[in-house]
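Trainee: Dropping in work_29.txt, with compact mmCIF, C-alpha atoms.
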```txt
# COMPACT_ATOMS: atom_id res chain seq x y z
CA MET A 12 -6.37 -17.23 5.09
CA ASN A 13 -2.86 -18.51 5.66
CA GLY A 14 -1.81 -17.98 2.03
CA VAL A 15 1.62 -17.33 0.56
CA HIS A 16 0.68 -13.67 0.20
CA ASP A 17 1.14 -13.44 3.99
CA MET A 18 4.91 -13.58 3.65
CA GLY A 19 6.21 -11.34 6.43
CA GLY A 20 9.09 -13.15 8.16
CA MET A 21 9.69 -15.76 5.45
CA GLN A 22 13.28 -16.34 4.38
CA GLY A 23 14.93 -17.59 1.22
CA LEU A 24 12.65 -15.88 -1.30
CA GLY A 25 15.57 -14.49 -3.29
CA PRO A 26 17.54 -11.28 -3.59
CA ILE A 27 16.02 -7.80 -3.59
CA GLU A 28 16.64 -6.16 -6.94
CA PRO A 29 16.90 -2.38 -6.52
CA GLU A 30 15.52 -0.27 -9.32
CA ALA A 31 16.14 3.31 -10.44
CA GLU A 32 13.42 5.91 -10.13
CA GLY A 33 11.51 6.90 -13.22
CA GLN A 34 10.10 3.88 -14.99
CA VAL A 35 6.51 3.44 -13.87
CA PHE A 36 5.36 0.57 -16.08
CA HIS A 37 7.85 -1.91 -17.52
CA HIS A 38 5.64 -2.89 -20.47
CA PRO A 39 2.79 -0.90 -22.01
CA TRP A 40 0.34 -3.71 -21.13
CA GLU A 41 1.09 -3.20 -17.42
CA GLY A 42 -0.22 0.36 -17.62
CA ARG A 43 -3.35 -0.90 -19.38
CA VAL A 44 -3.96 -3.53 -16.67
CA HIS A 45 -3.53 -0.87 -14.01
CA ALA A 46 -5.94 1.47 -15.78
CA LEU A 47 -8.49 -1.27 -16.52
CA SER A 48 -8.46 -2.33 -12.88
CA LEU A 49 -9.05 1.22 -11.60
CA ALA A 50 -11.74 2.05 -14.16
CA SER A 51 -13.52 -1.29 -13.91
CA PRO A 52 -16.88 -1.50 -12.12
CA THR A 53 -15.24 -4.13 -9.90
CA ARG A 54 -12.98 -1.49 -8.27
CA SER A 55 -15.67 -0.41 -5.81
CA ASN A 56 -14.50 -2.88 -3.15
CA ILE A 57 -10.73 -2.73 -2.59
CA ASP A 58 -10.82 -5.47 0.04
CA ALA A 59 -12.55 -7.91 -2.29
CA GLY A 60 -9.96 -7.12 -4.96
CA ARG A 61 -7.11 -7.89 -2.56
CA HIS A 62 -8.75 -11.13 -1.51
CA GLN A 63 -9.21 -12.14 -5.14
CA ARG A 64 -5.43 -11.96 -5.63
CA GLU A 65 -4.88 -13.95 -2.42
CA LEU A 66 -7.06 -16.71 -3.85
CA ILE A 67 -4.58 -17.37 -6.65
CA PRO A 68 -3.09 -20.78 -5.71
CA GLY A 69 0.16 -20.32 -3.80
CA ALA A 70 2.57 -22.00 -6.20
CA THR A 71 1.15 -19.93 -9.07
CA TYR A 72 1.08 -16.69 -7.02
CA LEU A 73 4.82 -16.92 -6.42
CA THR A 74 5.63 -17.29 -10.13
CA MET A 75 3.40 -14.45 -11.35
CA THR A 76 4.48 -10.85 -11.76
CA TYR A 77 2.49 -8.14 -10.01
CA TYR A 78 0.43 -7.14 -13.02
CA GLU A 79 -0.14 -10.74 -14.08
CA LYS A 80 -1.86 -11.15 -10.70
CA TRP A 81 -3.88 -7.97 -11.25
CA PHE A 82 -4.91 -9.16 -14.73
CA ARG A 83 -6.01 -12.55 -13.52
CA SER A 84 -8.00 -11.19 -10.58
CA LEU A 85 -9.65 -8.57 -12.80
CA GLY A 86 -10.98 -11.27 -15.12
CA ASP A 87 -12.12 -13.37 -12.16
CA ARG A 88 -13.97 -10.45 -10.57
CA LEU A 89 -15.66 -9.45 -13.84
CA LEU A 90 -16.96 -12.99 -14.22
CA GLN A 91 -18.05 -13.31 -10.59
CA GLN A 92 -20.00 -10.07 -10.64
CA GLY A 93 -21.64 -10.91 -13.95
CA HIS A 94 -20.10 -8.07 -15.96
CA LEU A 95 -18.81 -10.63 -18.46
CA THR A 96 -19.77 -14.18 -19.29
CA ARG A 97 -17.26 -17.00 -19.60
CA GLU A 98 -18.11 -17.20 -23.32
CA GLU A 99 -17.37 -13.50 -23.81
CA LEU A 100 -14.08 -13.75 -21.96
CA THR A 101 -13.01 -16.78 -23.99
CA SER A 102 -14.12 -15.50 -27.40
CA GLY A 103 -13.28 -11.83 -26.80
CA ARG A 104 -16.61 -10.91 -28.42
CA PRO A 105 -19.54 -9.32 -26.60
CA ASP A 106 -22.78 -11.28 -26.50
CA PRO A 107 -25.16 -9.22 -28.70
CA ASP A 108 -28.11 -10.26 -26.54
CA LEU A 109 -26.70 -8.66 -23.40
CA PRO A 110 -27.20 -4.97 -22.58
CA ARG A 111 -24.31 -2.53 -22.91
CA ALA A 112 -23.06 -0.97 -19.67
CA THR A 113 -22.14 2.67 -19.06
CA PRO A 114 -18.53 3.32 -18.00
CA ARG A 115 -18.33 4.60 -14.42
CA LEU A 116 -15.32 6.77 -15.26
CA VAL A 117 -14.94 9.01 -18.32
CA ALA A 118 -11.70 10.72 -19.37
CA ASP A 119 -12.70 14.21 -18.24
CA ALA A 120 -13.33 12.93 -14.72
CA VAL A 121 -10.10 10.95 -14.32
CA GLU A 122 -7.90 13.62 -12.72
CA ALA A 123 -10.60 14.72 -10.28
CA THR A 124 -11.48 11.12 -9.39
CA LEU A 125 -7.89 9.96 -8.84
CA GLY A 126 -7.09 13.12 -6.88
CA ARG A 127 -10.05 12.79 -4.55
CA SER A 128 -9.17 11.33 -1.17
CA GLY A 129 -11.76 9.02 0.27
CA SER A 130 -12.05 7.93 3.84
CA TYR A 131 -12.22 4.52 5.42
CA VAL A 132 -13.17 6.03 8.77
CA ARG A 133 -16.77 5.44 9.80
CA LYS A 134 -18.87 6.62 12.69
CA THR A 135 -19.69 3.89 15.12
CA SER A 136 -21.46 3.87 18.45
CA ALA A 137 -19.37 0.96 19.74
CA PRO A 138 -16.80 2.09 22.33
CA GLN A 139 -13.13 1.37 21.75
CA ILE A 140 -11.85 -1.26 24.16
CA PHE A 141 -8.16 -0.31 24.18
CA GLN A 142 -6.27 2.90 24.93
CA PRO A 143 -2.83 4.12 23.88
CA GLY A 144 -0.18 2.77 26.24
CA GLN A 145 -2.10 -0.45 26.86
CA SER A 146 -0.54 -3.88 26.31
CA VAL A 147 -2.40 -6.20 23.97
CA ARG A 148 -1.88 -9.58 22.41
CA ALA A 149 -2.65 -10.29 18.77
CA ARG A 150 -5.16 -13.11 18.74
CA ASN A 151 -4.08 -16.54 17.60
CA ILE A 152 -6.74 -16.81 14.91
CA HIS A 153 -6.63 -18.33 11.44
CA PRO A 154 -9.62 -17.09 9.43
CA ASN A 155 -10.42 -18.99 6.24
CA GLY A 156 -11.26 -15.76 4.43
CA HIS A 157 -9.63 -12.38 4.00
CA THR A 158 -7.80 -10.88 6.96
CA ARG A 159 -5.18 -8.18 7.48
CA LEU A 160 -3.70 -9.78 10.58
CA PRO A 161 -0.38 -11.22 9.42
CA ARG A 162 0.68 -14.58 10.82
CA TYR A 163 3.96 -13.26 12.18
CA VAL A 164 2.25 -11.23 14.92
CA ARG A 165 -0.43 -13.72 15.97
CA GLY A 166 -0.06 -14.65 19.62
CA ARG A 167 2.52 -11.90 20.17
CA LEU A 168 2.49 -9.11 22.74
CA GLY A 169 2.29 -5.53 21.55
CA LEU A 170 1.62 -2.02 22.76
CA ILE A 171 -1.16 0.29 21.52
CA VAL A 172 0.57 3.45 20.33
CA ARG A 173 -2.19 5.21 18.37
CA MET A 174 -5.95 5.14 17.95
CA ASN A 175 -7.12 5.80 14.40
CA GLY A 176 -10.90 5.83 14.74
CA ALA A 177 -13.18 3.11 13.42
CA HIS A 178 -12.24 1.90 9.92
CA VAL A 179 -14.02 -0.34 7.42
CA PHE A 180 -13.26 -3.91 8.53
CA PRO A 181 -11.69 -5.84 5.62
CA ASP A 182 -12.54 -9.28 7.04
CA SER A 183 -16.22 -8.41 6.58
CA HIS A 184 -16.11 -6.03 3.63
CA ALA A 185 -14.04 -8.32 1.37
CA HIS A 186 -16.79 -10.92 1.53
CA GLY A 187 -19.69 -8.59 0.82
CA HIS A 188 -20.87 -8.65 4.45
CA GLY A 189 -20.88 -4.90 4.85
CA GLU A 190 -18.34 -2.39 6.15
CA ASP A 191 -18.77 -3.37 9.81
CA PRO A 192 -16.46 -0.55 11.03
CA ARG A 193 -14.19 -1.46 13.95
CA PRO A 194 -11.65 0.58 15.93
CA LEU A 195 -8.24 0.56 14.27
CA TYR A 196 -5.12 0.78 16.42
CA THR A 197 -1.46 1.20 15.59
CA VAL A 198 0.33 -1.50 17.56
CA GLN A 199 4.05 -1.70 18.30
CA PHE A 200 5.68 -5.12 18.53
CA ARG A 201 9.25 -5.34 19.79
CA ALA A 202 11.47 -7.14 17.28
CA ARG A 203 12.60 -9.58 19.99
CA GLU A 204 9.00 -10.45 20.83
CA LEU A 205 8.52 -11.43 17.18
CA TRP A 206 11.88 -12.92 16.26
CA GLY A 207 13.70 -13.77 19.46
CA SER A 208 17.22 -12.88 20.50
CA GLN A 209 18.58 -12.70 16.96
CA ALA A 210 16.77 -9.39 16.54
CA SER A 211 18.00 -6.07 17.88
CA ALA A 212 16.65 -5.12 21.30
CA ARG A 213 16.15 -1.59 19.95
CA ASP A 214 13.96 -2.42 16.96
CA SER A 215 10.18 -2.65 16.55
CA VAL A 216 7.58 -3.42 13.91
CA PHE A 217 4.37 -1.36 13.83
CA LEU A 218 1.09 -2.60 12.33
CA ASP A 219 -2.38 -1.12 12.00
CA LEU A 220 -4.73 -3.69 13.52
CA TRP A 221 -8.50 -3.77 13.99
CA GLU A 222 -9.94 -4.40 17.42
CA PRO A 223 -11.21 -7.96 16.70
CA TYR A 224 -7.57 -8.94 16.04
CA LEU A 225 -6.56 -8.02 19.59
CA GLU A 226 -7.16 -9.17 23.16
CA PRO A 227 -6.11 -7.62 26.47
CA ALA A 228 -2.72 -8.79 27.74
CA MET B 1 0.40 -10.99 -22.02
CA ALA B 2 0.21 -7.95 -24.31
CA LEU B 3 -2.27 -9.71 -26.62
CA ARG B 4 -4.42 -11.05 -23.79
CA VAL B 5 -4.60 -7.63 -22.16
CA LYS B 6 -5.47 -6.02 -25.49
CA ALA B 7 -8.27 -8.54 -25.98
CA LEU B 8 -9.74 -7.88 -22.53
CA GLU B 9 -9.48 -4.13 -23.01
CA SER B 10 -11.32 -4.31 -26.36
CA LEU B 11 -14.01 -6.49 -24.85
CA MET B 12 -14.49 -4.20 -21.83
CA VAL B 13 -14.68 -1.14 -24.07
CA GLU B 14 -17.22 -2.79 -26.40
CA LYS B 15 -19.29 -3.86 -23.40
CA GLY B 16 -19.32 -0.30 -22.09
CA LEU B 17 -17.53 -1.36 -18.90
CA VAL B 18 -14.69 1.13 -19.41
CA ASP B 19 -14.04 4.20 -21.52
CA GLN B 20 -10.91 3.96 -23.68
CA ALA B 21 -9.99 7.62 -23.28
CA ALA B 22 -10.32 7.27 -19.50
CA LEU B 23 -7.80 4.41 -19.61
CA ASP B 24 -5.35 6.63 -21.50
CA ALA B 25 -5.87 9.37 -18.91
CA ILE B 26 -5.26 6.97 -16.02
CA VAL B 27 -1.98 5.74 -17.54
CA ASP B 28 -0.95 9.36 -18.11
CA HIS B 29 -1.78 10.21 -14.49
CA PHE B 30 0.51 7.53 -13.10
CA GLU B 31 3.28 8.16 -15.62
CA HIS B 32 3.29 11.96 -15.39
CA LYS B 33 1.14 13.42 -12.58
CA VAL B 34 2.16 11.46 -9.50
CA GLY B 35 5.56 10.20 -8.44
CA PRO B 36 8.29 10.72 -5.86
CA ARG B 37 8.85 14.35 -6.93
CA ASN B 38 5.56 15.12 -5.13
CA GLY B 39 6.82 13.56 -1.92
CA ALA B 40 10.15 15.34 -2.33
CA ARG B 41 8.34 18.70 -2.29
CA VAL B 42 6.58 17.72 0.93
CA VAL B 43 9.91 16.78 2.51
CA ALA B 44 11.68 19.94 1.36
CA ARG B 45 8.84 22.09 2.71
CA ALA B 46 9.03 20.29 6.05
CA TRP B 47 12.79 20.91 6.17
CA THR B 48 12.44 24.63 5.53
CA ASP B 49 9.17 25.55 7.24
CA PRO B 50 8.86 24.48 10.91
CA ALA B 51 5.17 25.39 11.07
CA TYR B 52 4.49 23.21 8.03
CA LYS B 53 6.47 20.37 9.55
CA ALA B 54 4.42 20.62 12.74
CA ARG B 55 1.20 20.37 10.70
CA LEU B 56 2.64 17.47 8.70
CA MET B 57 3.47 15.48 11.81
CA GLU B 58 0.09 16.27 13.37
CA ASN B 59 -2.16 15.63 10.35
CA ALA B 60 -0.17 14.46 7.33
CA THR B 61 -3.18 13.99 5.05
CA ALA B 62 -4.21 17.65 5.42
CA ALA B 63 -0.65 19.03 5.26
CA ILE B 64 0.10 17.04 2.10
CA ALA B 65 -3.17 18.25 0.56
CA GLU B 66 -1.99 21.84 1.19
CA LEU B 67 0.61 21.21 -1.53
CA GLY B 68 -2.05 19.81 -3.85
CA TYR B 69 -1.44 16.10 -3.36
CA SER B 70 -4.38 13.87 -2.50
CA GLY B 71 -6.26 10.85 -3.74
CA GLY B 72 -6.60 7.10 -3.50
CA GLN B 73 -3.92 5.24 -1.57
CA GLY B 74 -3.20 8.50 0.23
CA ASP B 75 -6.52 8.78 2.02
CA HIS B 76 -5.02 8.49 5.51
CA MET B 77 -1.38 9.61 5.55
CA VAL B 78 1.08 9.33 8.43
CA VAL B 79 4.61 10.76 8.27
CA VAL B 80 7.38 9.13 10.32
CA GLU B 81 10.55 11.11 10.92
CA ASN B 82 14.12 9.84 10.77
CA THR B 83 16.40 11.33 13.42
CA HIS B 84 19.92 10.74 14.73
CA ASP B 85 18.50 7.92 16.83
CA ILE B 86 15.64 6.49 14.76
CA HIS B 87 15.45 5.06 11.25
CA ASN B 88 12.05 4.22 9.72
CA LEU B 89 11.34 1.66 6.99
CA VAL B 90 7.99 1.10 5.25
CA VAL B 91 6.70 -2.20 3.84
CA CYS B 92 3.44 -3.95 3.00
CA THR B 93 3.96 -7.63 3.81
CA LEU B 94 0.46 -8.68 2.68
CA CYS B 95 0.28 -6.94 -0.71
CA SER B 96 1.69 -3.67 -2.04
CA CYS B 97 0.19 -0.74 -0.10
CA TYR B 98 2.07 2.46 -0.97
CA PRO B 99 1.23 6.19 -0.85
CA TRP B 100 0.39 6.85 -4.51
CA PRO B 101 -0.30 10.63 -4.36
CA VAL B 102 3.16 11.40 -2.95
CA LEU B 103 5.31 8.54 -4.31
CA GLY B 104 3.43 7.31 -7.37
CA LEU B 105 3.40 3.57 -8.01
CA PRO B 106 5.88 1.41 -6.13
CA PRO B 107 9.04 -0.04 -7.67
CA VAL B 108 8.95 -3.75 -8.52
CA TRP B 109 11.09 -4.75 -5.54
CA TYR B 110 8.65 -3.12 -3.10
CA LYS B 111 5.85 -5.39 -4.39
CA SER B 112 8.00 -8.52 -4.58
CA ALA B 113 8.44 -11.45 -2.22
CA PRO B 114 12.08 -10.85 -1.19
CA TYR B 115 11.42 -7.37 0.23
CA ARG B 116 7.95 -8.07 1.62
CA SER B 117 9.17 -11.15 3.48
CA ARG B 118 12.46 -9.82 4.87
CA ALA B 119 11.75 -6.20 5.77
CA VAL B 120 10.06 -7.18 9.05
CA ILE B 121 12.40 -9.97 10.19
CA ASP B 122 15.72 -8.56 8.96
CA PRO B 123 15.37 -4.82 8.34
CA ARG B 124 19.06 -4.17 8.98
CA GLY B 125 20.03 -6.84 6.44
CA VAL B 126 17.61 -5.35 3.91
CA LEU B 127 19.13 -1.93 4.51
CA ARG B 128 22.63 -3.34 3.94
CA ASP B 129 21.38 -4.65 0.57
CA PHE B 130 20.52 -1.03 -0.22
CA ASN B 131 23.99 0.04 0.94
CA VAL B 132 22.65 1.62 4.12
CA ALA B 133 24.90 0.73 7.07
CA LEU B 134 23.18 1.61 10.34
CA SER B 135 24.95 1.77 13.67
CA ASP B 136 23.69 -0.73 16.26
CA GLU B 137 22.83 2.33 18.38
CA ILE B 138 20.11 3.43 15.96
CA GLU B 139 16.57 2.19 16.56
CA VAL B 140 14.89 0.72 13.48
CA ARG B 141 11.13 1.13 13.20
CA VAL B 142 9.41 -0.92 10.50
CA TRP B 143 5.90 0.11 9.45
CA ASP B 144 3.86 -2.74 7.95
CA SER B 145 0.98 -1.11 6.03
CA THR B 146 -1.80 -3.52 7.02
CA ALA B 147 -4.73 -1.04 6.86
CA GLU B 148 -5.60 2.00 4.71
CA ILE B 149 -3.06 4.19 6.50
CA ARG B 150 -0.11 5.00 4.22
CA TYR B 151 3.32 5.91 5.55
CA LEU B 152 5.85 8.41 4.25
CA VAL B 153 9.35 8.64 5.76
CA LEU B 154 10.64 12.15 6.43
CA PRO B 155 14.39 11.71 5.88
CA GLN B 156 17.01 13.68 7.77
CA ARG B 157 18.11 16.83 6.00
CA PRO B 158 21.65 16.26 4.71
CA ALA B 159 24.41 18.21 6.43
CA GLY B 160 25.82 21.21 4.61
CA THR B 161 22.58 22.13 2.84
CA GLU B 162 21.80 25.27 4.85
CA HIS B 163 22.35 27.47 1.78
CA LEU B 164 19.91 25.57 -0.44
CA ASP B 165 16.38 26.73 -1.16
CA GLU B 166 13.31 24.51 -1.12
CA GLU B 167 13.53 23.57 -4.78
CA ALA B 168 17.20 22.61 -4.55
CA LEU B 169 16.50 20.61 -1.42
CA ALA B 170 13.64 18.74 -3.11
CA ALA B 171 16.07 17.64 -5.80
CA LEU B 172 18.12 15.84 -3.13
CA VAL B 173 15.18 13.77 -1.89
CA THR B 174 14.93 10.28 -3.37
CA ARG B 175 12.07 7.79 -3.58
CA ASP B 176 14.05 5.26 -1.54
CA GLY B 177 14.74 7.93 1.08
CA MET B 178 11.00 8.31 1.56
CA ILE B 179 10.45 4.51 1.79
CA GLY B 180 13.34 4.27 4.22
CA THR B 181 15.67 2.12 2.10
CA ALA B 182 18.10 5.00 1.62
CA GLN B 183 19.67 7.74 3.70
CA LEU B 184 20.23 11.11 2.08
```
Taking this structure as input, can you express it in the form of structure tokens?
Mentor:
Amino acid sequence: MNGVHDMGGMQGLGPIEPEAEGQVFHHPWEGRVHALSLASPTRSNIDAGRHQRELIPGATYLTMTYYEKWFRSLGDRLLQQGHLTREELTSGRPDPDLPRATPRLVADAVEATLGRSGSYVRKTSAPQIFQPGQSVRARNIHPNGHTRLPRYVRGRLGLIVRMNGAHVFPDSHAHGHGEDPRPLYTVQFRARELWGSQASARDSVFLDLWEPYLEPA
Amino acid sequence: MALRVKALESLMVEKGLVDQAALDAIVDHFEHKVGPRNGARVVARAWTDPAYKARLMENATAAIAELGYSGGQGDHMVVVENTHDIHNLVVCTLCSCYPWPVLGLPPVWYKSAPYRSRAVIDPRGVLRDFNVALSDEIEVRVWDSTAEIRYLVLPQRPAGTEHLDEEALAALVTRDGMIGTAQL
């Protein structure tokens, strides 16, 4: 969806405020939101979690801090998936008539779980259409749902520079329609193709794009 | 916010949705176990061990795991190397994708609208904001993390450091150097 989260290329959003290394969370509650989100049963689908944050209305999204967005989307996902009822969330008290769940992550397993790399690569029998060195155009598409094709490359010419195997396709997975793995390519776009003559002729932007985002050029 | 978060945490614990001690362990992990010192060790090893650097450029996920760093948001790592002619800069315009096992959690500016919006359209201006002045002759490559591949910049080894060992070199490597918003 063409939400405000898709902000690559926007101007006038304020100054960048550099920050020293070292402080991870700026308030203790931010660390709790981070931990709750990772431990929550809703964490199993990272694409759905991203889409949940994109669904925050644009004007609100821009005024919220990062962990305010995480907190809001965590509550929304818990309600949607039936882990909590609206009454429980409002009152803060568990409904005594509902069964108690079992946490998916216990303390002893945290280090092993967080240190375990997963993989988004899947086997697929479908052949890859494009090869490194081939010119492609990012499709001019505007899906209503979740997508990882930013607006600023749509319709633009690029070059396939790397093939990354077939990866879980977020446009499907975020909506509970299965992993639907598709070939994932690293695509180089010249800065002038994206931004015109104001950009340096030397510069490029590289994106990792799934095959359905691309067409032959 | 603190009270609202506390209320949700208590509710989730009482419902059996999360384990309180696990939450403490997760916070501890991100405050003490991961962070840019991990990435700095990867960089220093690459500077001092050509065979390691070759493995790192060929299969970064495996080479980084050799040093004991792995996990979520580092599942598919790619290292991009700064040279005399090329400067790399990493961003996630759509959200906040960042290589947690080697850099920890991102700084606020990395997740915020001003950086996410400008890094792709005006990388040289962004770099000037970080006091990095690049010659027009240098090629800037911006990596927008749109999939589950996470990028780590391998900065250039500073001149005059030939006498330093790996540990001393690692101390020179900064978080921003590995995002690409600093030169060392």
Trainee: Should the cut-off be 7 Å, what would the residue list for chain A against chain B look like, counting only C-alpha atoms, as a PyMOL selection string?
Mentor: chain A and resi 16-22+24-30+32+35+40+42-44+46-47+50-52+103-105+111-114+116-118+121+125-130+159+206+213-219
Trainee: Write the residues of the selection above to a file with C-alpha atoms, as a PDB file, in the coordinates of the input.
Mentor:
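Contents of again_23.pdb, as written:
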```
ATOM      1  CA  HIS A  16       0.680 -13.670   0.200  1.00  0.00           C
ATOM      2  CA  ASP A  17       1.140 -13.440   3.990  1.00  0.00           C
ATOM      3  CA  MET A  18       4.910 -13.580   3.650  1.00  0.00           C
ATOM      4  CA  GLY A  19       6.210 -11.340   6.430  1.00  0.00           C
ATOM      5  CA  GLY A  20       9.090 -13.150   8.160  1.00  0.00           C
ATOM      6  CA  MET A  21       9.690 -15.760   5.450  1.00  0.00           C
ATOM      7  CA  GLN A  22      13.280 -16.340   4.380  1.00  0.00           C
ATOM      8  CA  LEU A  24      12.650 -15.880  -1.300  1.00  0.00           C
ATOM      9  CA  GLY A  25      15.570 -14.490  -3.290  1.00  0.00           C
ATOM     10  CA  PRO A  26      17.540 -11.280  -3.590  1.00  0.00           C
ATOM     11  CA  ILE A  27      16.020  -7.800  -3.590  1.00  0.00           C
ATOM     12  CA  GLU A  28      16.640  -6.160  -6.940  1.00  0.00           C
ATOM     13  CA  PRO A  29      16.900  -2.380  -6.520  1.00  0.00           C
ATOM     14  CA  GLU A  30      15.520  -0.270  -9.320  1.00  0.00           C
ATOM     15  CA  GLU A  32      13.420   5.910 -10.130  1.00  0.00           C
ATOM     16  CA  VAL A  35       6.510   3.440 -13.870  1.00  0.00           C
ATOM     17  CA  TRP A  40       0.340  -3.710 -21.130  1.00  0.00           C
ATOM     18  CA  GLY A  42      -0.220   0.360 -17.620  1.00  0.00           C
ATOM     19  CA  ARG A  43      -3.350  -0.900 -19.380  1.00  0.00           C
ATOM     20  CA  VAL A  44      -3.960  -3.530 -16.670  1.00  0.00           C
ATOM     21  CA  ALA A  46      -5.940   1.470 -15.780  1.00  0.00           C
ATOM     22  CA  LEU A  47      -8.490  -1.270 -16.520  1.00  0.00           C
ATOM     23  CA  ALA A  50     -11.740   2.050 -14.160  1.00  0.00           C
ATOM     24  CA  SER A  51     -13.520  -1.290 -13.910  1.00  0.00           C
ATOM     25  CA  PRO A  52     -16.880  -1.500 -12.120  1.00  0.00           C
ATOM     26  CA  GLY A 103     -13.280 -11.830 -26.800  1.00  0.00           C
ATOM     27  CA  ARG A 104     -16.610 -10.910 -28.420  1.00  0.00           C
ATOM     28  CA  PRO A 105     -19.540  -9.320 -26.600  1.00  0.00           C
ATOM     29  CA  ARG A 111     -24.310  -2.530 -22.910  1.00  0.00           C
ATOM     30  CA  ALA A 112     -23.060  -0.970 -19.670  1.00  0.00           C
ATOM     31  CA  THR A 113     -22.140   2.670 -19.060  1.00  0.00           C
ATOM     32  CA  PRO A 114     -18.530   3.320 -18.000  1.00  0.00           C
ATOM     33  CA  LEU A 116     -15.320   6.770 -15.260  1.00  0.00           C
ATOM     34  CA  VAL A 117     -14.940   9.010 -18.320  1.00  0.00           C
ATOM     35  CA  ALA A 118     -11.700  10.720 -19.370  1.00  0.00           C
ATOM     36  CA  VAL A 121     -10.100  10.950 -14.320  1.00  0.00           C
ATOM     37  CA  LEU A 125      -7.890   9.960  -8.840  1.00  0.00           C
ATOM     38  CA  GLY A 126      -7.090  13.120  -6.880  1.00  0.00           C
ATOM     39  CA  ARG A 127     -10.050  12.790  -4.550  1.00  0.00           C
ATOM     40  CA  SER A 128      -9.170  11.330  -1.170  1.00  0.00           C
ATOM     41  CA  GLY A 129     -11.760   9.020   0.270  1.00  0.00           C
ATOM     42  CA  SER A 130     -12.050   7.930   3.840  1.00  0.00           C
ATOM     43  CA  ARG A 159      -5.180  -8.180   7.480  1.00  0.00           C
ATOM     44  CA  TRP A 206      11.880 -12.920  16.260  1.00  0.00           C
ATOM     45  CA  ARG A 213      16.150  -1.590  19.950  1.00  0.00           C
ATOM     46  CA  ASP A 214      13.960  -2.420  16.960  1.00  0.00           C
ATOM     47  CA  SER A 215      10.180  -2.650  16.550  1.00  0.00           C
ATOM     48  CA  VAL A 216       7.580  -3.420  13.910  1.00  0.00           C
ATOM     49  CA  PHE A 217       4.370  -1.360  13.830  1.00  0.00           C
ATOM     50  CA  LEU A 218       1.090  -2.600  12.330  1.00  0.00           C
ATOM     51  CA  ASP A 219      -2.380  -1.120  12.000  1.00  0.00           C
TER      52      ASP A 219
END
```
Trainee: Find the residues around Ala177 of chain A up to 8 Å (all atoms listed in the file counted), leave out those fewer than 5 positions away in its own chain, and share them as a ChimeraX atom specification.
Mentor: /A:132-135,192-195
Trainee: Calculate how many Å separate atom CA of Gly156 of chain A from atom CA of Thr76 of chain A, rounding to one decimal.
Mentor: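 Answer for the atom CA of Gly156 of chain A to atom CA of Thr76 of chain A separation: 23.1 Å.
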Trainee: Tell me, in Å to one decimal, how far atom CA of His184 of chain A is from atom CA of Asn56 of chain A.
Mentor: 7.6 Å
Trainee: Please compute the atom CA of Leu184 of chain B-atom CA of Pro158 of chain B distance, one decimal, in Å.
Mentor: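 Those two atoms sit 6.0 Å apart.
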